[in-house]
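K.L.:
Let me begin by handing over the structure; questions about it come next.
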Amino acid sequence: MKKIMELSLKKCWVGETEKIVYDTREEAEVAAKVAEYDHGGKFGVYKCEYGDHWHLTSLSH
């Protein structure tokens, strides 16, 4: 029997968008590189104004 691992990500609301929370800048930067590989485009990171954590942002227009 195959086990499926469930991944639970922390999230917070930024404006009207629910965003994934990264505890450190380094963790967010790694996630940005993975997102670039998986989805194409460029991603940046920024410190959340509502908490002590980080989020990704799309730099592609």
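Quick note on naming: the chains in the structure tokens go A, B, ... in the order shown, residues restart at 1 in each chain, and ligands are numbered from 1 in order of appearance.
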For the alpha helix (DSSP H) assignment from backbone DSSP, which residues of chain A qualify? Please present them as a PyMOL selection string.
P.N.:
chain A and resi 25-39
K.L.:
Where does DSSP see strand (DSSP E or B) in chain A, if you list the residues as JSON, numbers by chain?
P.N.:
{"A": [11, 12, 13, 14, 17, 18, 19, 20, 22, 43, 44, 45, 46, 47, 54, 55, 56, 57, 58]}
K.L.:
Could you turn the residues from that selection into a file that holds C-alpha atoms, as a compact mmCIF listing (two decimals), in the first residue's frame?
P.N.:
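The resulting file, selection06.txt, is shown below:
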# COMPACT_ATOMS: atom_id res chain seq x y z
CA LYS A 11 -0.24 30.79 5.58
CA CYS A 12 -1.24 34.35 6.36
CA TRP A 13 -3.46 36.93 4.71
CA VAL A 14 -1.74 39.76 2.85
CA THR A 17 -4.54 37.08 -0.80
CA GLU A 18 -3.59 34.13 1.38
CA LYS A 19 0.19 33.64 1.07
CA ILE A 20 2.52 30.82 2.15
CA TYR A 22 8.46 31.09 5.18
CA PHE A 43 10.27 35.23 -8.12
CA GLY A 44 11.48 37.47 -5.33
CA VAL A 45 11.04 37.40 -1.57
CA TYR A 46 9.86 40.03 0.90
CA LYS A 47 9.40 40.36 4.65
CA TRP A 54 8.69 35.99 4.53
CA HIS A 55 6.64 35.55 1.33
CA LEU A 56 7.27 35.09 -2.40
CA THR A 57 6.30 37.57 -5.07
CA SER A 58 6.25 37.18 -8.83
K.L.:
For a test of reading the model, state the distance in Å between CA of Val21 in chain A and CA of Glu49 in chain A, rounded to one decimal.
P.N.:
12.0 Å
K.L.:
Taking only C-alpha atoms into account, name the residue in A:Glu16, A:Ala31, A:Thr24, A:Leu9 that is nearest to Asp52 in chain A.
P.N.:
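Residue with the minimum atom-to-atom distance to Asp52 in chain A: A:Thr24.
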K.L.:
Hey, can you check how far CA of Tyr37 in chain A sits from CA of Gly51 in chain A?
P.N.:
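Computed distance, CA of Tyr37 in chain A to CA of Gly51 in chain A, equals 27.6 Å.
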